[in-house]
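Chemist: my_file_29.cif is reproduced below (mmCIF, C-alpha atoms).
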```cif
data_protein
#
loop_
_atom_site.group_PDB
_atom_site.id
_atom_site.type_symbol
_atom_site.label_atom_id
_atom_site.label_comp_id
_atom_site.auth_asym_id
_atom_site.auth_seq_id
_atom_site.Cartn_x
_atom_site.Cartn_y
_atom_site.Cartn_z
ATOM 1 C CA MET A 1 68.396 53.684 56.863
ATOM 2 C CA PRO A 2 71.108 51.800 54.968
ATOM 3 C CA ASP A 3 70.380 48.637 53.059
ATOM 4 C CA LEU A 4 72.581 45.573 52.758
ATOM 5 C CA ARG A 5 74.585 47.043 49.866
ATOM 6 C CA ASP A 6 75.553 50.039 52.001
ATOM 7 C CA TYR A 7 77.804 47.747 54.025
ATOM 8 C CA ARG A 8 80.023 47.311 50.955
ATOM 9 C CA LYS A 9 81.446 50.781 51.654
ATOM 10 C CA LEU A 10 82.832 49.555 54.965
ATOM 11 C CA GLU A 11 84.975 46.718 53.616
ATOM 12 C CA PRO A 12 87.497 45.350 54.300
ATOM 13 C CA TYR A 13 86.282 44.130 57.676
ATOM 14 C CA SER A 14 88.170 42.586 60.541
ATOM 15 C CA VAL A 15 86.538 39.416 61.851
ATOM 16 C CA ASP A 16 85.001 41.406 64.731
ATOM 17 C CA GLU A 17 83.589 44.003 62.353
ATOM 18 C CA LEU A 18 82.167 41.342 60.034
ATOM 19 C CA LEU A 19 80.454 39.564 62.920
ATOM 20 C CA SER A 20 79.203 42.852 64.375
ATOM 21 C CA ILE A 21 77.523 43.740 61.078
ATOM 22 C CA ALA A 22 76.091 40.233 60.722
ATOM 23 C CA HIS A 23 74.698 40.373 64.264
ATOM 24 C CA ALA A 24 73.089 43.740 63.541
ATOM 25 C CA LEU A 25 71.478 42.322 60.410
ATOM 26 C CA LEU A 26 70.336 39.147 62.186
ATOM 27 C CA ARG A 27 68.959 40.817 65.306
ATOM 28 C CA ASP A 28 65.386 39.882 64.381
ATOM 29 C CA LYS A 29 66.305 36.298 63.510
ATOM 30 C CA ALA A 30 66.371 34.474 66.840
ATOM 31 C CA GLY A 31 68.671 31.461 66.888
ATOM 32 C CA HIS A 32 70.670 32.541 63.834
ATOM 33 C CA ASP A 33 73.744 33.966 65.487
ATOM 34 C CA VAL A 34 77.066 33.843 63.709
ATOM 35 C CA ASN A 35 80.499 33.471 65.254
ATOM 36 C CA VAL A 36 84.121 32.900 64.301
ATOM 37 C CA ARG A 37 83.642 29.150 64.396
ATOM 38 C CA LEU A 38 80.771 29.291 61.879
ATOM 39 C CA LEU A 39 82.768 31.659 59.656
ATOM 40 C CA ARG A 40 85.709 29.247 59.659
ATOM 41 C CA TYR A 41 83.400 26.291 58.985
ATOM 42 C CA TYR A 42 81.781 27.999 55.992
ATOM 43 C CA THR A 43 85.262 28.856 54.690
ATOM 44 C CA SER A 44 86.596 25.310 55.177
ATOM 45 C CA GLU A 45 83.536 23.889 53.369
ATOM 46 C CA GLY A 46 84.102 26.248 50.436
ATOM 47 C CA ILE A 47 80.876 28.172 50.961
ATOM 48 C CA LEU A 48 82.822 31.371 51.603
ATOM 49 C CA PRO A 49 86.110 32.422 50.015
ATOM 50 C CA LYS A 50 89.229 32.507 52.170
ATOM 51 C CA ALA A 51 89.980 35.714 54.045
ATOM 52 C CA ILE A 52 92.590 38.094 52.706
ATOM 53 C CA GLY A 53 95.818 38.142 54.697
ATOM 54 C CA SER A 54 97.269 36.046 57.464
ATOM 55 C CA PRO A 55 94.969 34.661 60.192
ATOM 56 C CA LYS A 56 96.084 37.286 62.709
ATOM 57 C CA PHE A 57 95.390 40.163 60.306
ATOM 58 C CA ALA A 58 92.667 38.565 58.182
ATOM 59 C CA ARG A 59 90.305 40.893 56.352
ATOM 60 C CA TYR A 60 86.932 39.996 54.935
ATOM 61 C CA GLY A 61 85.026 41.520 52.056
ATOM 62 C CA TYR A 62 81.404 42.218 51.311
ATOM 63 C CA GLU A 63 81.161 38.816 49.601
ATOM 64 C CA HIS A 64 81.866 37.182 52.979
ATOM 65 C CA LEU A 65 79.018 39.111 54.600
ATOM 66 C CA VAL A 66 76.373 38.380 51.968
ATOM 67 C CA GLY A 67 77.628 34.818 51.508
ATOM 68 C CA MET A 68 77.318 34.086 55.217
ATOM 69 C CA LEU A 69 73.814 35.589 55.361
ATOM 70 C CA ALA A 70 72.672 33.790 52.203
ATOM 71 C CA ALA A 71 74.014 30.460 53.467
ATOM 72 C CA ARG A 72 72.154 30.955 56.767
ATOM 73 C CA ALA A 73 69.001 31.785 54.820
ATOM 74 C CA LEU A 74 69.227 28.725 52.586
ATOM 75 C CA LEU A 75 69.952 26.381 55.488
ATOM 76 C CA ASP A 76 67.052 27.936 57.415
ATOM 77 C CA GLN A 77 64.821 27.074 54.447
ATOM 78 C CA GLY A 78 65.851 23.418 54.727
ATOM 79 C CA ARG A 79 68.431 23.336 51.948
ATOM 80 C CA LYS A 80 71.432 21.061 52.325
ATOM 81 C CA LEU A 81 74.913 22.521 52.734
ATOM 82 C CA GLU A 82 75.989 21.478 49.224
ATOM 83 C CA GLU A 83 72.856 23.082 47.709
ATOM 84 C CA ALA A 84 73.569 26.314 49.567
ATOM 85 C CA LYS A 85 77.159 26.230 48.345
ATOM 86 C CA GLN A 86 76.038 25.815 44.716
ATOM 87 C CA SER A 87 73.396 28.555 45.014
ATOM 88 C CA ILE A 88 75.911 31.203 46.057
ATOM 89 C CA LYS A 89 79.079 29.951 44.340
ATOM 90 C CA GLY A 90 79.388 33.241 42.429
ATOM 91 C CA ILE A 91 80.669 35.026 45.538
ATOM 92 C CA HIS A 92 84.054 33.375 44.977
ATOM 93 C CA GLN A 93 84.369 35.527 41.841
ATOM 94 C CA GLY A 94 82.951 38.631 43.525
ATOM 95 C CA GLU A 95 79.466 38.146 42.048
ATOM 96 C CA THR A 96 77.209 39.013 44.963
ATOM 97 C CA GLU A 97 73.837 39.632 43.274
ATOM 98 C CA GLU A 98 72.337 36.179 43.914
ATOM 99 C CA ALA A 99 73.585 36.032 47.505
ATOM 100 C CA GLU A 100 72.229 39.561 48.090
ATOM 101 C CA ARG A 101 68.835 38.576 46.710
ATOM 102 C CA ILE A 102 68.653 35.481 48.925
ATOM 103 C CA ALA A 103 69.821 37.334 52.044
ATOM 104 C CA GLU A 104 67.546 40.346 51.520
ATOM 105 C CA GLU A 105 64.535 38.138 50.874
ATOM 106 C CA TRP A 106 65.209 36.174 54.061
ATOM 107 C CA LEU A 107 65.893 39.259 56.176
ATOM 108 C CA GLY A 108 62.820 41.033 54.816
ATOM 109 C CA THR A 109 63.117 44.004 52.503
ATOM 110 C CA GLU A 110 60.957 46.288 54.650
ATOM 111 C CA ARG A 111 63.300 45.955 57.632
ATOM 112 C CA VAL A 112 66.734 47.453 57.156
ATOM 113 C CA PRO A 113 69.076 47.498 60.162
ATOM 114 C CA PRO A 114 71.145 50.496 61.184
ATOM 115 C CA SER A 115 74.907 50.475 60.788
ATOM 116 C CA PRO A 116 76.759 49.455 63.935
ATOM 117 C CA PRO A 117 77.999 52.713 65.518
ATOM 118 C CA SER A 118 81.625 51.577 65.667
ATOM 119 C CA LEU A 119 81.696 51.077 61.883
ATOM 120 C CA MET A 120 80.218 54.362 60.696
ATOM 121 C CA TYR A 121 82.037 56.004 57.804
ATOM 122 C CA SER A 122 83.639 59.108 59.242
ATOM 123 C CA LEU A 123 86.272 61.693 58.421
ATOM 124 C CA SER A 124 85.417 63.955 61.345
ATOM 125 C CA SER A 125 88.506 63.139 63.433
ATOM 126 C CA TYR A 126 90.863 63.987 60.566
ATOM 127 C CA PRO A 127 91.438 67.737 60.119
ATOM 128 C CA GLN A 128 89.839 69.117 56.954
ATOM 129 C CA GLU A 129 93.017 70.786 55.689
ATOM 130 C CA LYS A 130 94.850 67.448 55.748
ATOM 131 C CA GLN A 131 92.262 65.402 53.839
ATOM 132 C CA SER A 132 94.456 64.462 50.909
ATOM 133 C CA PHE A 133 93.131 60.906 50.632
ATOM 134 C CA SER A 134 89.997 60.314 48.611
ATOM 135 C CA THR A 135 89.018 57.278 50.657
ATOM 136 C CA PHE A 136 89.771 56.200 54.145
ATOM 137 C CA ARG A 137 87.614 55.553 57.130
ATOM 138 C CA GLU A 138 87.752 55.389 60.873
ATOM 139 C CA ALA A 139 86.525 52.171 62.445
ATOM 140 C CA GLN A 140 87.008 51.327 66.084
ATOM 141 C CA ASN A 141 89.511 54.191 66.459
ATOM 142 C CA VAL A 142 91.576 53.044 63.482
ATOM 143 C CA LEU A 143 92.116 55.049 60.297
ATOM 144 C CA ARG A 144 92.033 52.766 57.285
ATOM 145 C CA ILE A 145 93.677 53.950 54.121
ATOM 146 C CA PRO A 146 93.158 51.648 51.111
ATOM 147 C CA LEU A 147 96.442 51.341 49.195
ATOM 148 C CA THR A 148 95.590 48.669 46.651
ATOM 149 C CA LYS A 149 92.726 46.252 46.099
ATOM 150 C CA ARG A 150 94.319 43.781 48.513
ATOM 151 C CA SER A 151 96.123 46.015 51.016
ATOM 152 C CA THR A 152 95.031 48.618 53.516
ATOM 153 C CA LEU A 153 97.147 50.700 55.853
ATOM 154 C CA GLU A 154 95.716 50.870 59.376
ATOM 155 C CA VAL A 155 96.801 53.672 61.704
ATOM 156 C CA SER A 156 95.680 54.221 65.266
ATOM 157 C CA GLY A 157 93.060 56.989 65.265
ATOM 158 C CA ASP A 158 94.935 59.045 67.851
ATOM 159 C CA ALA A 159 98.268 58.990 65.954
ATOM 160 C CA ASP A 160 99.824 61.868 64.018
ATOM 161 C CA ILE A 161 98.879 60.726 60.503
ATOM 162 C CA ASP A 162 101.668 62.639 58.710
ATOM 163 C CA ARG A 163 104.343 61.180 61.001
ATOM 164 C CA GLU A 164 102.912 57.658 60.710
ATOM 165 C CA LEU A 165 102.723 57.852 56.904
ATOM 166 C CA GLY A 166 106.322 59.082 56.688
ATOM 167 C CA GLU A 167 107.505 56.277 58.958
ATOM 168 C CA ALA A 168 105.473 53.689 57.027
ATOM 169 C CA LEU A 169 106.942 54.938 53.735
ATOM 170 C CA ARG A 170 110.516 54.609 55.056
ATOM 171 C CA LYS A 171 109.850 51.074 56.322
ATOM 172 C CA LEU A 172 108.197 50.032 53.058
ATOM 173 C CA GLU A 173 111.142 51.398 51.074
ATOM 174 C CA ARG A 174 113.582 49.426 53.276
ATOM 175 C CA LEU A 175 111.458 46.292 52.902
ATOM 176 C CA LEU A 176 111.347 46.689 49.121
ATOM 177 C CA ALA A 177 115.113 47.270 48.968
ATOM 178 C CA LYS A 178 115.713 44.186 51.100
ATOM 179 C CA ARG A 179 113.462 42.070 48.849
ATOM 180 C CA ASN A 180 115.238 43.375 45.736
ATOM 181 C CA ARG A 181 118.676 42.527 47.229
ATOM 182 C CA SER A 182 117.575 39.005 48.191
ATOM 183 C CA SER A 183 116.217 38.251 44.705
ATOM 184 C CA TYR A 184 119.697 38.393 43.104
#
```
Transcribe the structure of this file into structure tokens.
Modeler:
Amino acid sequence: MPDLRDYRKLEPYSVDELLSIAHALLRDKAGHDVNVRLLRYYTSEGILPKAIGSPKFARYGYEHLVGMLAARALLDQGRKLEEAKQSIKGIHQGETEEAERIAEEWLGTERVPPSPPSLMYSLSSYPQEKQSFSTFREAQNVLRIPLTKRSTLEVSGDADIDRELGEALRKLERLLAKRNRSSY
């Protein structure tokens, strides 16, 4: 059974993936559901860092998951919103240890939830002879290929990966050339 830290391997998350994981973790905590509205509220109050990317394509990191769980835990224990914010402020710099400790303590260390099936790390749909990427994953029928720390290429799981990568490369080269021309 995976523990909370195992979910780090699945980042970045779409909003649906983040909430799916949070719901799986909170399944034994009646009345502690999370939703997009709560996620936005925590972000607007500065409890959670802003998502990466535009609202339509926003991606969330592990710090969002543990921050949301830790904030729920602290509020459940009667802490005020500002106290919760101060207790887990390190997540804004990627320091998740304190938020992990709070969340794990609240969730109970003996109970570890399973990974949601749609988010399982898998390379099985990608032919072995073509596995030239050290890290990518399939989630909800989408291949995710991390390019940089802040960008990920997403390709439909049923697409021809070589064709899609070639097309993406050509479009990125055109975009870069266009940006270089406009900077003069």
Chemist: Taking the file as shown, what set of residues would the PyMOL selection byres ((chain A and resi 68) around 9) give back, as a ChimeraX atom specification?
Modeler: /A:22,34,38-39,42,47-48,63-67,69-73,99,103
Chemist: Find the spatial neighbours of segment 4-15 of chain A, counting only C-alpha atoms, within a cut-off of 7 Å - ignore same-chain residues fewer than 4 positions away - and output them as a ChimeraX atom specification.
Modeler: /A:19,58-62
Chemist: Name the residues that the PyMOL selection byres ((chain A and resi 92) around 9) pulls out of this structure, and write them as a list in words.
Modeler: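 Selected by the PyMOL selection byres ((chain A and resi 92) around 9) here: Gly46, Ile47, Leu48, Pro49, Lys50, Glu63, Ile88, Lys89, Gly90, Ile91, Gln93, Gly94, Glu95 and Thr96 of chain A.
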Chemist: Between A:Arg179, A:Val36, A:Val155, A:Arg170, which one has atoms that come closest to Pro55 of chain A, using all atoms listed in the file?
Modeler: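 Result for the nearest residue to Pro55 of chain A: A:Val36.
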